[in-house]
>>> print(open('work_30.cif').read())   # mmCIF, C-alpha atoms
data_my_file
#
loop_
_atom_site.label_atom_id
_atom_site.label_comp_id
_atom_site.auth_asym_id
_atom_site.auth_seq_id
_atom_site.Cartn_x
_atom_site.Cartn_y
_atom_site.Cartn_z
CA MET S 1 177.81 83.20 147.70
CA SER S 2 178.35 86.68 149.11
CA GLU S 3 175.54 88.94 150.31
CA GLY S 4 176.74 91.31 147.59
CA VAL S 5 174.67 89.33 145.08
CA GLU S 6 171.44 90.12 146.91
CA TRP S 7 172.43 93.79 147.22
CA ALA S 8 173.40 94.04 143.56
CA LEU S 9 170.17 92.44 142.32
CA HIS S 10 167.99 94.71 144.45
CA SER S 11 170.02 97.74 143.35
CA CYS S 12 169.46 96.82 139.69
CA VAL S 13 165.72 96.52 140.31
CA ASN S 14 165.67 99.89 142.08
CA LEU S 15 167.64 101.52 139.25
CA ALA S 16 165.19 100.04 136.73
CA TRP S 17 162.34 101.72 138.63
CA MET S 18 164.26 105.04 138.51
CA GLU S 19 163.96 104.89 134.70
CA GLY S 20 167.29 106.42 133.75
CA GLN S 21 167.66 108.84 136.65
CA ALA S 22 171.07 108.49 138.31
CA VAL S 23 171.19 107.34 141.94
CA THR S 24 174.28 107.56 144.16
CA ALA S 25 175.81 104.57 145.91
CA ALA S 26 175.02 106.30 149.21
CA LYS S 27 171.29 106.38 148.41
CA LEU S 28 171.21 102.87 146.95
CA ALA S 29 172.79 101.69 150.23
CA ALA S 30 170.63 103.84 152.53
CA ILE S 31 167.33 102.48 151.19
CA TYR S 32 168.11 99.15 152.90
CA GLY S 33 170.56 100.39 155.54
CA LEU S 34 173.51 98.70 153.82
CA PRO S 35 177.15 99.75 154.29
CA ALA S 36 177.69 102.26 151.46
CA ALA S 37 181.40 101.62 150.91
CA TYR S 38 180.85 97.89 150.48
CA LEU S 39 177.81 98.35 148.23
CA ASN S 40 179.84 100.81 146.18
CA LYS S 41 182.30 98.00 145.42
CA GLN S 42 179.46 95.83 144.09
CA LEU S 43 178.13 98.73 142.00
CA GLN S 44 181.61 99.32 140.57
CA ALA S 45 181.76 95.63 139.68
CA LEU S 46 178.39 95.95 137.89
CA ALA S 47 179.72 99.01 136.03
CA LYS S 48 182.87 97.15 135.05
CA ALA S 49 180.68 94.33 133.69
CA GLY S 50 178.72 96.83 131.58
CA ILE S 51 175.48 96.42 133.55
CA LEU S 52 175.54 99.92 135.08
CA THR S 53 177.01 103.23 133.99
CA SER S 54 178.56 105.55 136.52
CA THR S 55 178.72 109.33 136.20
CA SER S 56 180.31 111.81 138.59
CA GLY S 57 179.25 115.32 139.58
CA PRO S 58 176.38 116.68 141.70
CA ARG S 59 173.74 114.87 139.65
CA GLY S 60 175.90 111.82 139.08
CA GLY S 61 175.45 108.28 140.24
CA PHE S 62 174.54 104.92 138.79
CA ARG S 63 172.10 104.03 136.02
CA LEU S 64 171.30 100.80 134.23
CA ALA S 65 173.51 100.57 131.14
CA ARG S 66 170.84 98.73 129.16
CA GLU S 67 167.18 97.82 129.25
CA PRO S 68 166.05 95.56 132.14
CA ASP S 69 165.07 92.80 129.69
CA ARG S 70 168.70 92.72 128.50
CA ILE S 71 170.14 92.12 131.97
CA THR S 72 169.89 88.52 133.14
CA LEU S 73 170.27 87.41 136.73
CA LEU S 74 173.32 85.45 135.57
CA ASP S 75 174.90 88.69 134.30
CA VAL S 76 174.55 90.22 137.77
CA VAL S 77 175.66 87.12 139.69
CA THR S 78 178.70 86.68 137.42
CA ALA S 79 179.66 90.36 137.77
CA ILE S 80 179.72 89.98 141.56
CA GLU S 81 180.92 86.42 142.06
CA GLY S 82 183.05 85.87 138.95
CA ALA S 83 182.54 83.27 136.26
CA GLU S 84 184.17 80.33 138.04
CA ASP S 85 182.14 77.26 138.88
CA ALA S 86 181.25 76.70 142.54
CA PHE S 87 182.81 73.24 142.24
CA ARG S 88 186.44 73.57 141.26
CA CYS S 89 187.96 70.31 140.03
CA GLU S 90 191.49 70.16 141.45
CA GLN S 91 192.23 67.08 139.33
CA ILE S 92 193.19 64.85 142.25
CA LEU S 93 193.17 61.93 139.78
CA ARG S 94 196.55 63.31 138.61
CA ASN S 95 198.00 61.87 141.82
CA GLY S 96 196.10 58.58 141.63
CA PRO S 97 197.09 55.10 140.42
CA SER S 98 195.66 55.61 136.91
CA ALA S 99 197.16 59.08 136.46
CA ASP S 100 198.00 60.16 132.93
CA PRO S 101 199.80 63.52 132.74
CA GLU S 102 198.39 64.05 129.24
CA ILE S 103 194.79 64.09 130.47
CA ASP S 104 192.93 67.22 131.57
CA TYR S 105 190.70 65.58 134.19
CA ARG S 106 188.49 68.66 134.39
CA ARG S 107 187.17 67.52 131.00
CA THR S 108 187.27 63.75 131.39
CA CYS S 109 186.65 62.88 135.07
CA ALA S 110 183.08 61.62 135.47
CA ILE S 111 182.72 63.47 138.78
CA SER S 112 183.90 66.74 137.27
CA ILE S 113 181.51 66.27 134.31
CA ALA S 114 178.56 65.53 136.64
CA MET S 115 179.27 68.56 138.82
CA ARG S 116 179.64 70.73 135.73
CA LYS S 117 176.25 69.52 134.46
CA ALA S 118 174.62 70.73 137.68
CA GLU S 119 176.45 74.04 137.44
CA LEU S 120 175.15 74.50 133.89
CA ALA S 121 171.58 73.78 135.04
CA TRP S 122 171.99 76.52 137.65
CA ARG S 123 173.41 78.98 135.11
CA ARG S 124 170.67 78.14 132.62
CA GLU S 125 167.98 79.09 135.16
CA LEU S 126 169.70 82.37 136.02
CA ALA S 127 170.33 83.17 132.35
CA GLY S 128 166.65 82.59 131.59
CA GLN S 129 165.47 85.32 133.96
CA THR S 130 166.01 89.04 133.51
CA ILE S 131 165.61 92.12 135.68
CA ALA S 132 162.48 92.81 133.57
CA ASP S 133 161.02 89.47 134.72
CA ILE S 134 161.65 90.49 138.33
CA LEU S 135 159.95 93.87 137.71
CA ALA S 136 156.95 92.12 136.18
CA GLN S 137 156.73 89.71 139.10
CA VAL S 138 156.93 92.50 141.68
CA GLY S 139 154.34 94.45 139.66
CA ARG S 140 151.93 91.57 140.22
CA THR S 141 152.67 90.82 143.87
CA ALA S 142 153.65 94.23 145.30
CA PRO S 143 152.36 96.87 142.85
CA ALA S 144 153.18 99.80 145.18
CA ALA S 145 156.88 98.88 145.43
CA ALA S 146 158.03 100.84 142.38
CA SER S 147 156.38 104.13 143.42
CA ASN S 148 157.50 103.62 147.03
CA VAL S 149 161.10 103.34 145.85
CA ARG S 150 160.78 106.39 143.58
CA SER S 151 159.31 108.48 146.43
CA TRP S 152 161.98 107.30 148.80
CA PHE S 153 164.82 108.30 146.47
CA ALA S 154 163.09 111.62 145.66
CA ASN S 155 162.76 112.57 149.31
CA VAL S 156 165.92 111.22 150.94
CA ARG S 157 168.73 113.71 151.61
CA PRO S 158 171.71 113.22 149.32
CA MET N 15 182.35 74.98 147.56
CA SER N 16 185.16 73.32 149.49
CA GLU N 17 187.62 70.89 147.95
CA GLY N 18 186.23 68.39 150.45
CA VAL N 19 183.37 67.72 148.02
CA GLU N 20 185.79 66.48 145.33
CA TRP N 21 187.63 64.36 147.89
CA ALA N 22 184.42 62.89 149.30
CA LEU N 23 183.02 62.00 145.87
CA HIS N 24 186.24 60.28 144.77
CA SER N 25 186.43 58.45 148.11
CA CYS N 26 182.88 57.14 147.62
CA VAL N 27 183.79 55.92 144.13
CA ASN N 28 186.92 54.20 145.47
CA LEU N 29 184.95 52.57 148.29
CA ALA N 30 182.39 51.35 145.76
CA TRP N 31 185.21 49.66 143.84
CA MET N 32 186.40 48.02 147.09
CA GLU N 33 183.07 46.18 147.21
CA GLY N 34 182.50 46.17 150.96
CA GLN N 35 186.11 45.90 152.06
CA ALA N 36 186.93 48.54 154.69
CA VAL N 37 189.56 51.15 153.82
CA THR N 38 191.18 53.48 156.36
CA ALA N 39 191.09 57.26 156.07
CA ALA N 40 194.89 57.16 155.81
CA LYS N 41 194.74 54.98 152.69
CA LEU N 42 191.82 56.88 151.14
CA ALA N 43 193.92 60.03 151.56
CA ALA N 44 197.23 58.53 150.43
CA ILE N 45 195.87 57.36 147.06
CA TYR N 46 195.71 61.03 145.96
CA GLY N 47 198.27 62.50 148.36
CA LEU N 48 195.57 64.31 150.36
CA PRO N 49 195.98 65.44 153.99
CA ALA N 50 194.61 62.48 155.98
CA ALA N 51 193.34 64.46 158.99
CA TYR N 52 191.28 66.76 156.80
CA LEU N 53 189.94 63.94 154.63
CA ASN N 54 189.02 62.07 157.80
CA LYS N 55 186.72 64.97 158.71
CA GLN N 56 184.92 64.64 155.38
CA LEU N 57 184.64 60.86 155.82
CA GLN N 58 183.19 61.35 159.31
CA ALA N 59 180.65 63.77 157.81
CA LEU N 60 179.71 61.11 155.24
CA ALA N 61 179.35 58.56 158.05
CA LYS N 62 177.19 60.98 160.06
CA ALA N 63 174.97 61.39 156.98
CA GLY N 64 174.56 57.61 156.68
CA ILE N 65 176.54 57.35 153.43
CA LEU N 66 179.50 55.49 154.94
CA THR N 67 179.90 53.18 157.90
CA SER N 68 183.00 53.36 160.04
CA THR N 69 184.47 50.47 161.99
CA SER N 70 187.50 50.47 164.28
CA GLY N 71 190.14 47.81 164.87
CA PRO N 72 193.03 46.46 162.77
CA ARG N 73 190.75 45.63 159.83
CA GLY N 74 188.53 48.63 160.36
CA GLY N 75 187.94 51.63 158.18
CA PHE N 76 185.22 53.05 155.97
CA ARG N 77 182.71 51.26 153.76
CA LEU N 78 179.74 52.45 151.75
CA ALA N 79 176.64 52.19 153.94
CA ARG N 80 174.39 51.38 150.99
CA GLU N 81 174.53 50.39 147.33
CA PRO N 82 176.16 52.93 144.95
CA ASP N 83 172.85 53.36 143.08
CA ARG N 84 171.28 54.56 146.36
CA ILE N 85 173.85 57.34 146.92
CA THR N 86 173.21 60.46 144.87
CA LEU N 87 175.77 63.16 144.26
CA LEU N 88 173.43 65.51 146.14
CA ASP N 89 173.64 63.21 149.19
CA VAL N 90 177.42 63.55 149.19
CA VAL N 91 177.50 67.30 148.48
CA THR N 92 174.91 67.97 151.20
CA ALA N 93 176.80 65.83 153.73
CA ILE N 94 179.93 67.93 153.15
CA GLU N 95 178.53 71.41 152.47
CA GLY N 96 175.28 71.33 154.42
CA ALA N 97 171.78 71.77 153.07
CA GLU N 98 171.74 75.58 152.92
CA ASP N 99 171.33 77.32 149.59
CA ALA N 100 174.38 79.03 148.10
CA PHE N 101 172.29 82.21 147.88
CA ARG N 102 171.09 83.21 151.33
CA CYS N 103 168.31 85.78 151.25
CA GLU N 104 168.98 88.22 154.10
CA GLN N 105 165.61 89.88 153.54
CA ILE N 106 166.99 93.37 152.98
CA LEU N 107 163.46 94.39 151.88
CA ARG N 108 162.65 94.39 155.60
CA ASN N 109 164.59 97.65 155.81
CA GLY N 110 163.14 99.13 152.61
CA PRO N 111 160.33 101.62 151.99
CA SER N 112 157.70 98.92 151.39
CA ALA N 113 158.70 96.82 154.40
CA ASP N 114 156.02 94.74 156.06
CA PRO N 115 157.19 92.99 159.25
CA GLU N 116 154.55 90.28 158.69
CA ILE N 117 156.13 89.15 155.43
CA ASP N 118 158.80 86.44 155.14
CA TYR N 119 160.62 87.85 152.10
CA ARG N 120 162.53 84.60 151.61
CA ARG N 121 159.22 83.24 150.32
CA THR N 122 157.78 86.29 148.58
CA CYS N 123 160.66 88.37 147.19
CA ALA N 124 160.91 87.84 143.42
CA ILE N 125 164.71 87.84 143.60
CA SER N 126 164.75 85.25 146.36
CA ILE N 127 162.29 83.08 144.40
CA ALA N 128 164.36 83.35 141.20
CA MET N 129 167.58 82.44 142.98
CA ARG N 130 165.85 79.53 144.70
CA LYS N 131 164.62 78.26 141.32
CA ALA N 132 168.22 78.12 140.09
CA GLU N 133 169.31 76.38 143.28
CA LEU N 134 166.61 73.75 142.77
CA ALA N 135 167.74 73.16 139.18
CA TRP N 136 171.25 72.53 140.53
CA ARG N 137 169.99 70.16 143.22
CA ARG N 138 167.78 68.33 140.74
CA GLU N 139 170.79 67.57 138.53
CA LEU N 140 172.85 66.32 141.46
CA ALA N 141 169.94 64.28 142.84
CA GLY N 142 169.53 62.64 139.42
CA GLN N 143 173.02 61.17 139.40
CA THR N 144 174.30 58.42 141.68
CA ILE N 145 177.69 56.96 142.52
CA ALA N 146 176.59 53.99 140.37
CA ASP N 147 176.23 56.35 137.38
CA ILE N 148 179.78 57.58 137.98
CA LEU N 149 181.04 53.98 138.16
CA ALA N 150 179.28 53.16 134.88
CA GLN N 151 180.73 56.24 133.21
CA VAL N 152 184.26 55.45 134.40
CA GLY N 153 183.76 51.84 133.29
CA ARG N 154 183.23 53.12 129.75
CA THR N 155 185.97 55.75 129.62
CA ALA N 156 188.68 54.34 131.91
CA PRO N 157 187.96 50.61 132.32
CA ALA N 158 191.25 49.92 134.14
CA ALA N 159 190.54 52.45 136.90
CA ALA N 160 188.65 50.07 139.20
CA SER N 161 191.31 47.37 139.18
CA ASN N 162 194.09 49.95 139.48
CA VAL N 163 192.45 51.29 142.64
CA ARG N 164 191.93 47.79 144.06
CA SER N 165 195.60 46.89 143.41
CA TRP N 166 196.76 50.14 144.92
CA PHE N 167 194.82 49.62 148.15
CA ALA N 168 195.91 45.96 148.31
CA ASN N 169 199.59 46.84 148.03
CA VAL N 170 199.95 50.08 149.96
CA ARG N 171 201.32 49.84 153.50
CA PRO N 172 198.63 50.47 156.14
#
>>> encode(input="work_30.cif", output="structure tokens")
Amino acid sequence: MSEGVEWALHSCVNLAWMEGQAVTAAKLAAIYGLPAAYLNKQLQALAKAGILTSTSGPRGGFRLAREPDRITLLDVVTAIEGAEDAFRCEQILRNGPSADPEIDYRRTCAISIAMRKAELAWRRELAGQTIADILAQVGRTAPAAASNVRSWFANVRP
Amino acid sequence: MSEGVEWALHSCVNLAWMEGQAVTAAKLAAIYGLPAAYLNKQLQALAKAGILTSTSGPRGGFRLAREPDRITLLDVVTAIEGAEDAFRCEQILRNGPSADPEIDYRRTCAISIAMRKAELAWRRELAGQTIADILAQVGRTAPAAASNVRSWFANVRP
């Protein structure tokens, strides 16, 4: 999994704390010293997936496109990494001694089914947690984080 | 995830069907038309992890090192892909406005914890299924597969 997932998740959390105020890619990158051009690609991917909105102009930047409790971690991960499973069944049974060209082994092979089951367990966990859950958790363990982020964005040069 | 995982899992199933008879990397590759040198690397990784044993000589080759019900899918996946999580927390909070150099954010960051939870759900599924479960499943859905594989290995040139 690319580091872009970590960057995208933290950027969503930071944008949630900015409560609708637009933040540029340059600032979202600078808060953690990330390469802005590369982070911008992740932010564009989030915008394309309908998680962020992007506006141009002097006060433009990125905002969350919907409430934090409507953005799951799976939404963010899928926007960055795509929807494909980590395990990709290449149907090697098609070349084996029991091969049947009529069969889609991605659906019937016991190994493919077992790997898919694990993938679904992973997706289920990520789909069951939202950006709002992360905010609530941080609110309990690091209550100053939200105001620290807001101050940082308010005071950093554009 | 590399295609080596699919190859390794199918090779373990085929070796289980061979019931202790050694099979060379060349044959394990040829049954699906896989590149033998690359499959051999996966088989060596399985041997290193204690899943297979490897013997040399004219009747040498690979065997399962233990019973199929003692080899989980997680064992095989970990042997090929390593034990690291797919999501690697790079602790970008260390560069942020609330950074505390004393904190290991891999343990405390809410995002890292949430991603780890999903990873554990994935591992739990894979740890709950063994090569024996795959054999049982194939026995129900494709009962000729085991004997087809045995015939194929018996008749193929070394």
>>> interface_residues(input="work_30.cif", of="chain S", to="chain N", cutoff="9 Å", atoms="only C-alpha atoms", output="PyMOL selection string")
chain S and resi 1-3+5-7+9-10+30-34+73+85-98+108-112+114-115+117-126+129+133-135+137-138+141-142+144-145+148-149+151-152
>>> atom_distance(input="work_30.cif", atom1="CA of Gly60 in chain S", atom2="CA of Gly20 in chain S")
11.5 Å
>>> atom_distance(input="work_30.cif", atom1="CA of Ala22 in chain N", atom2="CA of Thr69 in chain N")
17.8 Å
>>> atom_distance(input="work_30.cif", atom1="CA of Ala37 in chain S", atom2="CA of Ile71 in chain S")
24.0 Å
>>> residues_near_point(input="work_30.cif", point="(170.9, 58.1, 157.0)", cutoff="12 Å", atoms="only C-alpha atoms", output="list in words")
Ala59, Leu60, Ala61, Lys62, Ala63, Gly64, Ile65, Leu66, Thr67, Leu78, Ala79, Arg80, Arg84, Ile85, Asp89, Val90 and Ala93 of chain N
>>> closest_residue(input="work_30.cif", among="S:Ile80, S:Ala154, S:Leu43, S:Ala26", to="Cys12 in chain S", atoms="only C-alpha atoms")
S:Leu43
>>> resolve_selection(input="work_30.cif", expression="the PyMOL selection byres ((chain N and resi 72) around 12)", output="mmCIF file with C-alpha atoms, keeping the file's coordinate frame")
data_model
loop_
_atom_site.group_PDB
_atom_site.id
_atom_site.type_symbol
_atom_site.label_atom_id
_atom_site.label_comp_id
_atom_site.auth_asym_id
_atom_site.auth_seq_id
_atom_site.Cartn_x
_atom_site.Cartn_y
_atom_site.Cartn_z
ATOM 1 C CA ALA N 36 186.930 48.540 154.690
ATOM 2 C CA VAL N 37 189.560 51.150 153.820
ATOM 3 C CA THR N 38 191.180 53.480 156.360
ATOM 4 C CA THR N 69 184.470 50.470 161.990
ATOM 5 C CA SER N 70 187.500 50.470 164.280
ATOM 6 C CA GLY N 71 190.140 47.810 164.870
ATOM 7 C CA ARG N 73 190.750 45.630 159.830
ATOM 8 C CA GLY N 74 188.530 48.630 160.360
ATOM 9 C CA GLY N 75 187.940 51.630 158.180
ATOM 10 C CA PRO N 172 198.630 50.470 156.140
#
>>> build_atoms(input="work_30.cif", residues="range 155-168 of chain N", atoms="N, CA, C and O atoms", output="CSV table (one decimal), in the coordinates of the input")
chain,number,residue,atom,x,y,z
N,155,THR,N,184.9,54.9,130.1
N,155,THR,CA,186.0,55.8,129.6
N,155,THR,C,187.3,55.4,130.2
N,155,THR,O,188.4,55.7,129.5
N,156,ALA,N,187.4,54.7,131.3
N,156,ALA,CA,188.7,54.3,131.9
N,156,ALA,C,188.5,53.0,132.6
N,156,ALA,O,188.6,52.9,133.8
N,157,PRO,N,188.3,51.9,131.8
N,157,PRO,CA,188.0,50.6,132.3
N,157,PRO,C,189.0,50.0,133.3
N,157,PRO,O,188.6,49.2,134.1
N,158,ALA,N,190.2,50.5,133.2
N,158,ALA,CA,191.2,49.9,134.1
N,158,ALA,C,191.2,50.6,135.5
N,158,ALA,O,191.9,50.1,136.4
N,159,ALA,N,190.5,51.7,135.7
N,159,ALA,CA,190.5,52.4,136.9
N,159,ALA,C,190.2,51.6,138.1
N,159,ALA,O,190.9,51.7,139.2
N,160,ALA,N,189.1,50.8,138.0
N,160,ALA,CA,188.6,50.1,139.2
N,160,ALA,C,189.7,49.1,139.7
N,160,ALA,O,190.0,49.0,140.9
N,161,SER,N,190.3,48.3,138.8
N,161,SER,CA,191.3,47.4,139.2
N,161,SER,C,192.6,48.1,139.6
N,161,SER,O,193.3,47.6,140.5
N,162,ASN,N,192.9,49.2,139.0
N,162,ASN,CA,194.1,50.0,139.5
N,162,ASN,C,193.9,50.4,140.9
N,162,ASN,O,194.9,50.3,141.7
N,163,VAL,N,192.7,50.8,141.3
N,163,VAL,CA,192.4,51.3,142.6
N,163,VAL,C,192.5,50.1,143.6
N,163,VAL,O,193.1,50.2,144.7
N,164,ARG,N,191.9,49.0,143.2
N,164,ARG,CA,191.9,47.8,144.1
N,164,ARG,C,193.4,47.3,144.3
N,164,ARG,O,193.8,47.0,145.4
N,165,SER,N,194.2,47.3,143.3
N,165,SER,CA,195.6,46.9,143.4
N,165,SER,C,196.3,47.9,144.3
N,165,SER,O,197.1,47.4,145.2
N,166,TRP,N,196.1,49.1,144.1
N,166,TRP,CA,196.8,50.1,144.9
N,166,TRP,C,196.5,50.0,146.4
N,166,TRP,O,197.4,49.9,147.2
N,167,PHE,N,195.2,49.8,146.7
N,167,PHE,CA,194.8,49.6,148.2
N,167,PHE,C,195.4,48.3,148.7
N,167,PHE,O,195.7,48.2,149.9
N,168,ALA,N,195.4,47.3,147.9
N,168,ALA,CA,195.9,46.0,148.3
N,168,ALA,C,197.4,46.0,148.6
N,168,ALA,O,197.9,45.3,149.5
